[in-house]
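*Asks:* Pasting target36.cif here (mmCIF, C-alpha atoms and all ligand atoms):
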```cif
data_entry
#
loop_
_atom_site.group_PDB
_atom_site.id
_atom_site.type_symbol
_atom_site.label_atom_id
_atom_site.label_comp_id
_atom_site.auth_asym_id
_atom_site.auth_seq_id
_atom_site.Cartn_x
_atom_site.Cartn_y
_atom_site.Cartn_z
ATOM 1 C CA MET A 1 -57.111 28.530 -67.480
ATOM 2 C CA GLY A 2 -59.032 25.659 -69.072
ATOM 3 C CA ASP A 3 -58.481 21.971 -68.656
ATOM 4 C CA ILE A 4 -55.672 20.385 -70.584
ATOM 5 C CA ILE A 5 -56.354 17.290 -72.664
ATOM 6 C CA LEU A 6 -52.879 16.058 -73.505
ATOM 7 C CA SER A 7 -53.717 12.843 -75.281
ATOM 8 C CA GLU A 8 -56.888 10.920 -75.984
ATOM 9 C CA GLY A 9 -55.446 7.595 -77.027
ATOM 10 C CA ASN A 10 -57.190 5.560 -79.680
ATOM 11 C CA SER A 11 -60.487 3.770 -79.614
ATOM 12 C CA THR A 12 -59.466 0.154 -80.207
ATOM 13 C CA ASP A 13 -57.245 -0.373 -77.168
ATOM 14 C CA ARG A 14 -58.353 -0.443 -73.550
ATOM 15 C CA THR A 15 -57.968 2.958 -72.023
ATOM 16 C CA VAL A 16 -56.070 4.128 -68.979
ATOM 17 C CA PHE A 17 -57.017 7.601 -67.785
ATOM 18 C CA VAL A 18 -54.150 9.652 -66.335
ATOM 19 C CA LEU A 19 -55.697 12.466 -64.310
ATOM 20 C CA ASN A 20 -53.710 15.316 -62.831
ATOM 21 C CA GLY A 21 -54.946 17.876 -60.360
ATOM 22 C CA PRO A 22 -54.132 21.439 -59.352
ATOM 23 C CA ASN A 23 -50.842 23.062 -60.315
ATOM 24 C CA LEU A 24 -49.532 20.045 -62.183
ATOM 25 C CA ASN A 25 -49.825 22.070 -65.403
ATOM 26 C CA LEU A 26 -46.812 23.957 -64.012
ATOM 27 C CA LEU A 27 -44.524 20.930 -63.872
ATOM 28 C CA GLY A 28 -41.040 21.741 -65.106
ATOM 29 C CA MET A 29 -41.050 25.226 -63.629
ATOM 30 C CA ARG A 30 -42.789 24.585 -60.297
ATOM 31 C CA GLU A 31 -40.283 23.781 -57.524
ATOM 32 C CA PRO A 32 -38.175 21.569 -59.834
ATOM 33 C CA GLU A 33 -36.010 20.498 -56.874
ATOM 34 C CA ILE A 34 -39.126 18.737 -55.538
ATOM 35 C CA TYR A 35 -41.121 17.833 -58.642
ATOM 36 C CA GLY A 36 -38.377 17.497 -61.273
ATOM 37 C CA ALA A 37 -37.629 19.214 -64.557
ATOM 38 C CA ASP A 38 -40.038 17.336 -66.829
ATOM 39 C CA THR A 39 -43.107 19.160 -68.069
ATOM 40 C CA LEU A 40 -46.477 17.424 -68.072
ATOM 41 C CA ASP A 41 -46.292 17.440 -71.884
ATOM 42 C CA GLU A 42 -43.009 15.529 -71.784
ATOM 43 C CA ILE A 43 -44.411 13.024 -69.306
ATOM 44 C CA ALA A 44 -47.514 12.650 -71.485
ATOM 45 C CA GLY A 45 -45.397 11.987 -74.593
ATOM 46 C CA ARG A 46 -43.532 9.185 -72.861
ATOM 47 C CA LEU A 47 -46.737 7.663 -71.465
ATOM 48 C CA GLU A 48 -48.278 7.659 -74.931
ATOM 49 C CA ASP A 49 -45.264 5.746 -76.307
ATOM 50 C CA GLN A 50 -45.349 3.326 -73.379
ATOM 51 C CA GLY A 51 -49.096 2.871 -73.801
ATOM 52 C CA HIS A 52 -48.603 2.132 -77.483
ATOM 53 C CA ALA A 53 -46.037 -0.562 -76.649
ATOM 54 C CA LEU A 54 -48.482 -2.066 -74.125
ATOM 55 C CA SER A 55 -51.479 -1.829 -76.495
ATOM 56 C CA LEU A 56 -53.160 0.624 -74.149
ATOM 57 C CA ALA A 57 -54.784 3.911 -75.070
ATOM 58 C CA VAL A 58 -53.690 6.586 -72.612
ATOM 59 C CA ASP A 59 -55.992 9.535 -71.988
ATOM 60 C CA ILE A 60 -54.013 12.181 -70.122
ATOM 61 C CA ARG A 61 -55.695 15.229 -68.585
ATOM 62 C CA GLN A 62 -55.046 17.993 -66.082
ATOM 63 C CA SER A 63 -57.382 20.341 -64.278
ATOM 64 C CA ASN A 64 -57.078 22.829 -61.482
ATOM 65 C CA HIS A 65 -60.735 22.180 -60.595
ATOM 66 C CA GLU A 66 -61.903 19.447 -58.231
ATOM 67 C CA GLY A 67 -65.272 18.947 -59.941
ATOM 68 C CA HIS A 68 -63.638 18.281 -63.291
ATOM 69 C CA LEU A 69 -61.605 15.487 -61.726
ATOM 70 C CA VAL A 70 -64.823 14.043 -60.249
ATOM 71 C CA ASP A 71 -66.467 14.200 -63.697
ATOM 72 C CA TRP A 72 -63.482 12.480 -65.295
ATOM 73 C CA LEU A 73 -63.461 9.676 -62.718
ATOM 74 C CA GLN A 74 -67.142 9.083 -63.528
ATOM 75 C CA GLU A 75 -66.336 9.222 -67.254
ATOM 76 C CA ALA A 76 -63.611 6.595 -66.770
ATOM 77 C CA ALA A 77 -66.229 4.311 -65.217
ATOM 78 C CA ALA A 78 -68.793 5.016 -67.958
ATOM 79 C CA ASP A 79 -66.118 4.225 -70.577
ATOM 80 C CA ARG A 80 -65.173 1.030 -68.743
ATOM 81 C CA ALA A 81 -61.569 2.186 -68.516
ATOM 82 C CA LEU A 82 -58.988 -0.378 -67.468
ATOM 83 C CA ALA A 83 -57.606 1.887 -64.744
ATOM 84 C CA VAL A 84 -57.151 5.471 -63.626
ATOM 85 C CA ILE A 85 -53.756 6.846 -62.657
ATOM 86 C CA LEU A 86 -54.453 9.828 -60.410
ATOM 87 C CA ASN A 87 -52.134 12.523 -59.137
ATOM 88 C CA ALA A 88 -54.652 14.683 -57.325
ATOM 89 C CA GLY A 89 -52.009 17.212 -56.224
ATOM 90 C CA ALA A 90 -53.014 19.086 -53.081
ATOM 91 C CA LEU A 91 -56.582 17.721 -53.364
ATOM 92 C CA THR A 92 -55.073 14.432 -52.188
ATOM 93 C CA HIS A 93 -55.006 15.842 -48.694
ATOM 94 C CA THR A 94 -58.410 17.532 -48.622
ATOM 95 C CA SER A 95 -60.914 16.116 -51.074
ATOM 96 C CA ILE A 96 -63.748 14.010 -49.719
ATOM 97 C CA ALA A 97 -65.368 14.485 -53.146
ATOM 98 C CA LEU A 98 -62.515 12.633 -54.857
ATOM 99 C CA HIS A 99 -62.491 9.974 -52.140
ATOM 100 C CA ASP A 100 -66.222 9.401 -52.690
ATOM 101 C CA ALA A 101 -65.899 9.458 -56.496
ATOM 102 C CA ILE A 102 -63.237 6.742 -56.396
ATOM 103 C CA LYS A 103 -65.379 4.685 -54.030
ATOM 104 C CA ALA A 104 -68.371 5.077 -56.335
ATOM 105 C CA ILE A 105 -66.677 3.680 -59.424
ATOM 106 C CA ASP A 106 -65.706 0.238 -60.401
ATOM 107 C CA VAL A 107 -62.351 1.158 -61.944
ATOM 108 C CA PRO A 108 -59.090 0.606 -60.058
ATOM 109 C CA VAL A 109 -57.324 3.870 -59.223
ATOM 110 C CA ILE A 110 -53.561 4.064 -58.809
ATOM 111 C CA GLU A 111 -52.494 7.054 -56.714
ATOM 112 C CA VAL A 112 -49.273 8.688 -57.930
ATOM 113 C CA HIS A 113 -47.139 11.473 -56.487
ATOM 114 C CA LEU A 114 -43.876 12.766 -57.871
ATOM 115 C CA SER A 115 -42.597 13.602 -54.406
ATOM 116 C CA ASN A 116 -42.889 11.498 -51.263
ATOM 117 C CA PRO A 117 -45.562 13.341 -49.262
ATOM 118 C CA ALA A 118 -44.787 11.281 -46.128
ATOM 119 C CA ALA A 119 -41.313 12.838 -46.054
ATOM 120 C CA ARG A 120 -42.631 16.401 -46.365
ATOM 121 C CA GLU A 121 -44.780 18.763 -44.302
ATOM 122 C CA GLU A 122 -47.190 17.212 -41.823
ATOM 123 C CA PHE A 123 -50.250 18.449 -43.778
ATOM 124 C CA ARG A 124 -49.206 16.217 -46.678
ATOM 125 C CA HIS A 125 -49.047 13.076 -44.560
ATOM 126 C CA LYS A 126 -52.747 12.322 -44.803
ATOM 127 C CA SER A 127 -54.141 11.129 -48.126
ATOM 128 C CA LEU A 128 -57.887 10.832 -48.650
ATOM 129 C CA ILE A 129 -57.123 8.964 -51.879
ATOM 130 C CA ALA A 130 -54.928 6.200 -50.410
ATOM 131 C CA PRO A 131 -57.693 4.333 -48.527
ATOM 132 C CA VAL A 132 -59.743 3.942 -51.711
ATOM 133 C CA ALA A 133 -56.860 3.467 -54.161
ATOM 134 C CA LYS A 134 -55.704 0.098 -55.420
ATOM 135 C CA GLY A 135 -52.172 1.215 -54.567
ATOM 136 C CA THR A 136 -49.891 4.211 -54.290
ATOM 137 C CA ILE A 137 -46.602 5.031 -56.021
ATOM 138 C CA CYS A 138 -44.706 8.053 -54.727
ATOM 139 C CA GLY A 139 -41.256 9.526 -54.417
ATOM 140 C CA PHE A 140 -39.857 8.443 -57.783
ATOM 141 C CA GLY A 141 -40.556 11.615 -59.751
ATOM 142 C CA ALA A 142 -42.031 11.233 -63.226
ATOM 143 C CA LEU A 143 -41.008 7.578 -63.254
ATOM 144 C CA GLY A 144 -43.974 6.972 -60.932
ATOM 145 C CA TYR A 145 -46.399 7.470 -63.827
ATOM 146 C CA ALA A 146 -44.541 4.895 -65.923
ATOM 147 C CA LEU A 147 -44.518 2.416 -63.037
ATOM 148 C CA ALA A 148 -48.253 2.970 -62.576
ATOM 149 C CA LEU A 149 -48.964 2.397 -66.275
ATOM 150 C CA ASP A 150 -46.929 -0.786 -66.171
ATOM 151 C CA ALA A 151 -48.981 -1.945 -63.158
ATOM 152 C CA ALA A 152 -52.246 -1.039 -64.927
ATOM 153 C CA SER A 153 -51.218 -3.096 -67.963
ATOM 154 C CA LYS A 154 -51.285 -6.169 -65.740
ATOM 155 C CA PHE A 155 -54.860 -5.612 -64.478
HETATM 156 C C1 LIG B 201 -47.972 16.004 -55.282
HETATM 157 C C2 LIG B 201 -47.816 16.106 -53.760
HETATM 158 C C3 LIG B 201 -48.875 17.015 -53.169
HETATM 159 O O1 LIG B 201 -48.681 17.125 -51.760
HETATM 160 C C4 LIG B 201 -48.768 18.401 -53.757
HETATM 161 O O2 LIG B 201 -49.792 19.230 -53.250
HETATM 162 C C5 LIG B 201 -48.772 18.389 -55.248
HETATM 163 C C6 LIG B 201 -47.985 17.369 -55.931
HETATM 164 C C7 LIG B 201 -46.829 15.208 -55.922
HETATM 165 O O3 LIG B 201 -46.985 14.787 -57.068
HETATM 166 O O4 LIG B 201 -45.765 15.040 -55.308
HETATM 167 O O5 LIG B 201 -49.349 19.254 -55.887
HETATM 168 O O6 LIG B 201 -49.190 15.331 -55.570
#
```
Just give me the structure as structure tokens.
*Replies:*
Amino acid sequence: MGDIILSEGNSTDRTVFVLNGPNLNLLGMREPEIYGADTLDEIAGRLEDQGHALSLAVDIRQSNHEGHLVDWLQEAAADRALAVILNAGALTHTSIALHDAIKAIDVPVIEVHLSNPAAREEFRHKSLIAPVAKGTICGFGALGYALALDAASKF
């Protein structure tokens, strides 16, 4: 399956990238008792409206491939994005490449998780994103993305 570009925003406003990692294309049908009933499309629609109200362009993407997320983090820096909101999915717990990519760029990254990984299996307790993120929002379901966009609007 290819990458999903859900929204590209518009060119006049400052842009916030919203990057989603592996399996997040399945939101809505994937373990809804953990991740909620909203699809990524529905979340994207709401973020676009919120971005519009905040005069922010919101560029929302999903990929199951680590390297694509690295490329997009570098693209956010090249585009002088205001912020990146990143739900790296399971790569959160394993990816030195994403850790290094975030360190290498000059754009603040807000780590988001729908669930609260600290309250789940032990292997989810470690985040390689958290030490290089500006902050982390987790455990509030899809609302976490909205909270992160609100935070980004104040950068
Ligand atoms: C997740 C939490 C991760 O542990 C998991 O691998 C995901 C989703 C979340 O949003 O709660 O894919 O990032």
*Asks:* Applying the PyMOL selection byres (((chain A and resi 114) around 9) and not hetatm) to the file I just gave you, which residues come out? Please list them as a PyMOL selection string.
*Replies:* chain A and resi 34-36+87+112-113+115-117+137-145
*Asks:* Please, what is the axis-aligned box for every listed atom of ligand LIG 201 (chain B) with 6 Å on each side, as centre and edge lengths in Å to one decimal, as lines of an AutoDock Vina configuration file?
*Replies:*
```
center_x = -47.8
center_y = 17.0
center_z = -54.4
size_x = 16.0
size_y = 16.5
size_z = 17.3
```
*Asks:* Excluding A:Leu149 and residues on its chain fewer than 3 positions from it, collect all residues at most 10 Å away from it, counting all atoms listed in the file, and give them as a PDB file with C-alpha atoms, in the frame of the given file.
*Replies:*
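Just written: selection.pdb:
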```pdb
ATOM      1  CA  VAL A  16     -56.070   4.128 -68.979  1.00  0.00           C
ATOM      2  CA  PHE A  17     -57.017   7.601 -67.785  1.00  0.00           C
ATOM      3  CA  VAL A  18     -54.150   9.652 -66.335  1.00  0.00           C
ATOM      4  CA  LEU A  47     -46.737   7.663 -71.465  1.00  0.00           C
ATOM      5  CA  GLN A  50     -45.349   3.326 -73.379  1.00  0.00           C
ATOM      6  CA  GLY A  51     -49.096   2.871 -73.801  1.00  0.00           C
ATOM      7  CA  LEU A  54     -48.482  -2.066 -74.125  1.00  0.00           C
ATOM      8  CA  LEU A  56     -53.160   0.624 -74.149  1.00  0.00           C
ATOM      9  CA  VAL A  58     -53.690   6.586 -72.612  1.00  0.00           C
ATOM     10  CA  ALA A  83     -57.606   1.887 -64.744  1.00  0.00           C
ATOM     11  CA  VAL A  84     -57.151   5.471 -63.626  1.00  0.00           C
ATOM     12  CA  ILE A  85     -53.756   6.846 -62.657  1.00  0.00           C
ATOM     13  CA  ILE A 110     -53.561   4.064 -58.809  1.00  0.00           C
ATOM     14  CA  LEU A 143     -41.008   7.578 -63.254  1.00  0.00           C
ATOM     15  CA  GLY A 144     -43.974   6.972 -60.932  1.00  0.00           C
ATOM     16  CA  TYR A 145     -46.399   7.470 -63.827  1.00  0.00           C
ATOM     17  CA  ALA A 146     -44.541   4.895 -65.923  1.00  0.00           C
ATOM     18  CA  ALA A 152     -52.246  -1.039 -64.927  1.00  0.00           C
ATOM     19  CA  SER A 153     -51.218  -3.096 -67.963  1.00  0.00           C
ATOM     20  CA  LYS A 154     -51.285  -6.169 -65.740  1.00  0.00           C
TER      21      LYS A 154
END
```
*Asks:* Could you state which residues are captured by the PyMOL selection byres (((chain A and resi 109) around 9) and not hetatm) in this file, as a CSV table (one decimal) with C-alpha atoms, keeping the file's coordinate frame?
*Replies:*
```csv
chain,number,residue,atom,x,y,z
A,83,ALA,CA,-57.6,1.9,-64.7
A,84,VAL,CA,-57.2,5.5,-63.6
A,85,ILE,CA,-53.8,6.8,-62.7
A,86,LEU,CA,-54.5,9.8,-60.4
A,102,ILE,CA,-63.2,6.7,-56.4
A,107,VAL,CA,-62.4,1.2,-61.9
A,108,PRO,CA,-59.1,0.6,-60.1
A,110,ILE,CA,-53.6,4.1,-58.8
A,111,GLU,CA,-52.5,7.1,-56.7
A,129,ILE,CA,-57.1,9.0,-51.9
A,132,VAL,CA,-59.7,3.9,-51.7
A,133,ALA,CA,-56.9,3.5,-54.2
A,134,LYS,CA,-55.7,0.1,-55.4
A,135,GLY,CA,-52.2,1.2,-54.6
A,136,THR,CA,-49.9,4.2,-54.3
```
*Asks:* Using all atoms listed in the file, which of A:Ser63, A:Gln74, A:Thr15, A:Ser55 sits nearest ligand LIG 201 (chain B)?
*Replies:*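 Of all the options, A:Ser63 lies closest to ligand LIG 201 (chain B).
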*Asks:* Rank A:Pro131, A:Pro22, A:Pro32, A:Gly67 by their smallest atom-to-atom distance to ligand LIG 201 (chain B), using all atoms listed in the file, and report the top residue only.
*Replies:*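 For ligand LIG 201 (chain B), the nearest of the candidates is A:Pro22.
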*Asks:* To one decimal in Å, tell me the separation between atom CA of A:Leu24 and atom CA of A:Ala78.
*Replies:*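 Value for the atom CA of A:Leu24-atom CA of A:Ala78 distance: 25.1 Å.
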*Asks:* So, counting all atoms listed in the file, which residue among A:Gly45, A:Gly89, A:Gly28, A:Gly21 is closest to ligand LIG 201 (chain B)?
*Replies:* A:Gly89
*Asks:* When you count only C-alpha atoms and all ligand atoms, which of these residues is closest to ligand LIG 201 (chain B): A:His68, A:His99, A:Arg30, A:Arg61?
*Replies:*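 Closest to ligand LIG 201 (chain B), using only C-alpha atoms and all ligand atoms: A:Arg30.
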*Asks:* Please enumerate the residues selected by the PyMOL selection byres (((chain A and resi 62) around 7) and not hetatm) when evaluated against the supplied file, formatted as a PyMOL selection string.
*Replies:* chain A and resi 3-5+19-21+25+61+63-64
*Asks:* Just give me the residues with any atom within 9 Å of (-50.3, 9.4, -74.8), file coordinates, counting all atoms listed in the file, written as a list in words.
*Replies:*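 Neighbouring residues, ordered by chain and number, come to Leu6, Ser7, Glu8, Gly9, Ile43, Ala44, Gly45, Arg46, Leu47, Glu48, Asp49, Gln50, Gly51, His52, Ala57, Val58, Asp59 and Ile60 of chain A.
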*Asks:* Smallest atom-to-atom distance to A:Phe155: which of A:Leu82, A:Leu40, A:Leu91, A:Ala130, using all atoms listed in the file?
*Replies:*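 Of the candidates, the smallest distance to A:Phe155 is held by A:Leu82.
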*Asks:* Regenerate stretch 98-130 of chain A at the level of N, CA and C atoms and dump it as a PDB file, in the frame of the given file.
*Replies:*
```
ATOM      1  N   LEU A  98     -63.294  13.594 -54.061  1.00  0.00           N
ATOM      2  CA  LEU A  98     -62.515  12.633 -54.857  1.00  0.00           C
ATOM      3  C   LEU A  98     -62.516  11.255 -54.187  1.00  0.00           C
ATOM      4  N   HIS A  99     -62.406  11.243 -52.879  1.00  0.00           N
ATOM      5  CA  HIS A  99     -62.491   9.974 -52.140  1.00  0.00           C
ATOM      6  C   HIS A  99     -63.805   9.257 -52.489  1.00  0.00           C
ATOM      7  N   ASP A 100     -64.910  10.004 -52.421  1.00  0.00           N
ATOM      8  CA  ASP A 100     -66.222   9.401 -52.690  1.00  0.00           C
ATOM      9  C   ASP A 100     -66.350   8.972 -54.153  1.00  0.00           C
ATOM     10  N   ALA A 101     -65.803   9.783 -55.060  1.00  0.00           N
ATOM     11  CA  ALA A 101     -65.899   9.458 -56.496  1.00  0.00           C
ATOM     12  C   ALA A 101     -65.170   8.142 -56.784  1.00  0.00           C
ATOM     13  N   ILE A 102     -64.008   7.974 -56.168  1.00  0.00           N
ATOM     14  CA  ILE A 102     -63.237   6.742 -56.396  1.00  0.00           C
ATOM     15  C   ILE A 102     -63.995   5.539 -55.831  1.00  0.00           C
ATOM     16  N   LYS A 103     -64.596   5.757 -54.662  1.00  0.00           N
ATOM     17  CA  LYS A 103     -65.379   4.685 -54.030  1.00  0.00           C
ATOM     18  C   LYS A 103     -66.579   4.294 -54.877  1.00  0.00           C
ATOM     19  N   ALA A 104     -67.123   5.285 -55.591  1.00  0.00           N
ATOM     20  CA  ALA A 104     -68.371   5.077 -56.335  1.00  0.00           C
ATOM     21  C   ALA A 104     -68.148   4.340 -57.649  1.00  0.00           C
ATOM     22  N   ILE A 105     -66.908   4.289 -58.107  1.00  0.00           N
ATOM     23  CA  ILE A 105     -66.677   3.680 -59.424  1.00  0.00           C
ATOM     24  C   ILE A 105     -66.002   2.329 -59.271  1.00  0.00           C
ATOM     25  N   ASP A 106     -66.110   1.620 -60.365  1.00  0.00           N
ATOM     26  CA  ASP A 106     -65.706   0.238 -60.401  1.00  0.00           C
ATOM     27  C   ASP A 106     -64.377   0.086 -61.149  1.00  0.00           C
ATOM     28  N   VAL A 107     -63.608   1.147 -61.191  1.00  0.00           N
ATOM     29  CA  VAL A 107     -62.351   1.158 -61.944  1.00  0.00           C
ATOM     30  C   VAL A 107     -61.216   1.306 -60.929  1.00  0.00           C
ATOM     31  N   PRO A 108     -60.191   0.460 -61.013  1.00  0.00           N
ATOM     32  CA  PRO A 108     -59.090   0.606 -60.058  1.00  0.00           C
ATOM     33  C   PRO A 108     -58.329   1.921 -60.273  1.00  0.00           C
ATOM     34  N   VAL A 109     -58.036   2.586 -59.171  1.00  0.00           N
ATOM     35  CA  VAL A 109     -57.324   3.870 -59.223  1.00  0.00           C
ATOM     36  C   VAL A 109     -55.947   3.697 -58.593  1.00  0.00           C
ATOM     37  N   ILE A 110     -54.933   4.089 -59.331  1.00  0.00           N
ATOM     38  CA  ILE A 110     -53.561   4.064 -58.809  1.00  0.00           C
ATOM     39  C   ILE A 110     -53.184   5.496 -58.456  1.00  0.00           C
ATOM     40  N   GLU A 111     -52.890   5.722 -57.186  1.00  0.00           N
ATOM     41  CA  GLU A 111     -52.494   7.054 -56.714  1.00  0.00           C
ATOM     42  C   GLU A 111     -51.009   7.256 -56.998  1.00  0.00           C
ATOM     43  N   VAL A 112     -50.676   8.377 -57.620  1.00  0.00           N
ATOM     44  CA  VAL A 112     -49.273   8.688 -57.930  1.00  0.00           C
ATOM     45  C   VAL A 112     -48.915  10.067 -57.378  1.00  0.00           C
ATOM     46  N   HIS A 113     -47.720  10.168 -56.834  1.00  0.00           N
ATOM     47  CA  HIS A 113     -47.139  11.473 -56.487  1.00  0.00           C
ATOM     48  C   HIS A 113     -45.692  11.483 -56.939  1.00  0.00           C
ATOM     49  N   LEU A 114     -45.283  12.619 -57.479  1.00  0.00           N
ATOM     50  CA  LEU A 114     -43.876  12.766 -57.871  1.00  0.00           C
ATOM     51  C   LEU A 114     -42.971  12.752 -56.644  1.00  0.00           C
ATOM     52  N   SER A 115     -43.371  13.532 -55.646  1.00  0.00           N
ATOM     53  CA  SER A 115     -42.597  13.602 -54.406  1.00  0.00           C
ATOM     54  C   SER A 115     -43.087  12.506 -53.451  1.00  0.00           C
ATOM     55  N   ASN A 116     -42.431  12.425 -52.306  1.00  0.00           N
ATOM     56  CA  ASN A 116     -42.889  11.498 -51.263  1.00  0.00           C
ATOM     57  C   ASN A 116     -43.559  12.333 -50.168  1.00  0.00           C
ATOM     58  N   PRO A 117     -44.885  12.456 -50.209  1.00  0.00           N
ATOM     59  CA  PRO A 117     -45.562  13.341 -49.262  1.00  0.00           C
ATOM     60  C   PRO A 117     -45.283  12.983 -47.799  1.00  0.00           C
ATOM     61  N   ALA A 118     -45.024  11.707 -47.517  1.00  0.00           N
ATOM     62  CA  ALA A 118     -44.787  11.281 -46.128  1.00  0.00           C
ATOM     63  C   ALA A 118     -43.489  11.867 -45.582  1.00  0.00           C
ATOM     64  N   ALA A 119     -42.596  12.279 -46.490  1.00  0.00           N
ATOM     65  CA  ALA A 119     -41.313  12.838 -46.054  1.00  0.00           C
ATOM     66  C   ALA A 119     -41.334  14.368 -46.080  1.00  0.00           C
ATOM     67  N   ARG A 120     -42.527  14.933 -46.259  1.00  0.00           N
ATOM     68  CA  ARG A 120     -42.631  16.401 -46.365  1.00  0.00           C
ATOM     69  C   ARG A 120     -43.436  16.976 -45.195  1.00  0.00           C
ATOM     70  N   GLU A 121     -44.053  18.115 -45.401  1.00  0.00           N
ATOM     71  CA  GLU A 121     -44.780  18.763 -44.302  1.00  0.00           C
ATOM     72  C   GLU A 121     -45.887  17.843 -43.774  1.00  0.00           C
ATOM     73  N   GLU A 122     -46.176  18.027 -42.501  1.00  0.00           N
ATOM     74  CA  GLU A 122     -47.190  17.212 -41.823  1.00  0.00           C
ATOM     75  C   GLU A 122     -48.544  17.207 -42.573  1.00  0.00           C
ATOM     76  N   PHE A 123     -48.928  18.388 -43.140  1.00  0.00           N
ATOM     77  CA  PHE A 123     -50.250  18.449 -43.778  1.00  0.00           C
ATOM     78  C   PHE A 123     -50.335  17.584 -45.033  1.00  0.00           C
ATOM     79  N   ARG A 124     -49.183  17.112 -45.510  1.00  0.00           N
ATOM     80  CA  ARG A 124     -49.206  16.217 -46.678  1.00  0.00           C
ATOM     81  C   ARG A 124     -49.226  14.742 -46.274  1.00  0.00           C
ATOM     82  N   HIS A 125     -49.169  14.478 -44.984  1.00  0.00           N
ATOM     83  CA  HIS A 125     -49.047  13.076 -44.560  1.00  0.00           C
ATOM     84  C   HIS A 125     -50.342  12.297 -44.723  1.00  0.00           C
ATOM     85  N   LYS A 126     -51.467  13.024 -44.666  1.00  0.00           N
ATOM     86  CA  LYS A 126     -52.747  12.322 -44.803  1.00  0.00           C
ATOM     87  C   LYS A 126     -53.204  12.368 -46.257  1.00  0.00           C
ATOM     88  N   SER A 127     -53.543  11.207 -46.785  1.00  0.00           N
ATOM     89  CA  SER A 127     -54.141  11.129 -48.126  1.00  0.00           C
ATOM     90  C   SER A 127     -55.563  10.604 -48.006  1.00  0.00           C
ATOM     91  N   LEU A 128     -56.500  11.326 -48.601  1.00  0.00           N
ATOM     92  CA  LEU A 128     -57.887  10.832 -48.650  1.00  0.00           C
ATOM     93  C   LEU A 128     -58.085   9.914 -49.849  1.00  0.00           C
ATOM     94  N   ILE A 129     -57.067   9.837 -50.698  1.00  0.00           N
ATOM     95  CA  ILE A 129     -57.123   8.964 -51.879  1.00  0.00           C
ATOM     96  C   ILE A 129     -56.636   7.552 -51.510  1.00  0.00           C
ATOM     97  N   ALA A 130     -55.579   7.491 -50.700  1.00  0.00           N
ATOM     98  CA  ALA A 130     -54.928   6.200 -50.410  1.00  0.00           C
ATOM     99  C   ALA A 130     -55.888   5.111 -49.923  1.00  0.00           C
TER     100      ALA A 130
END
```
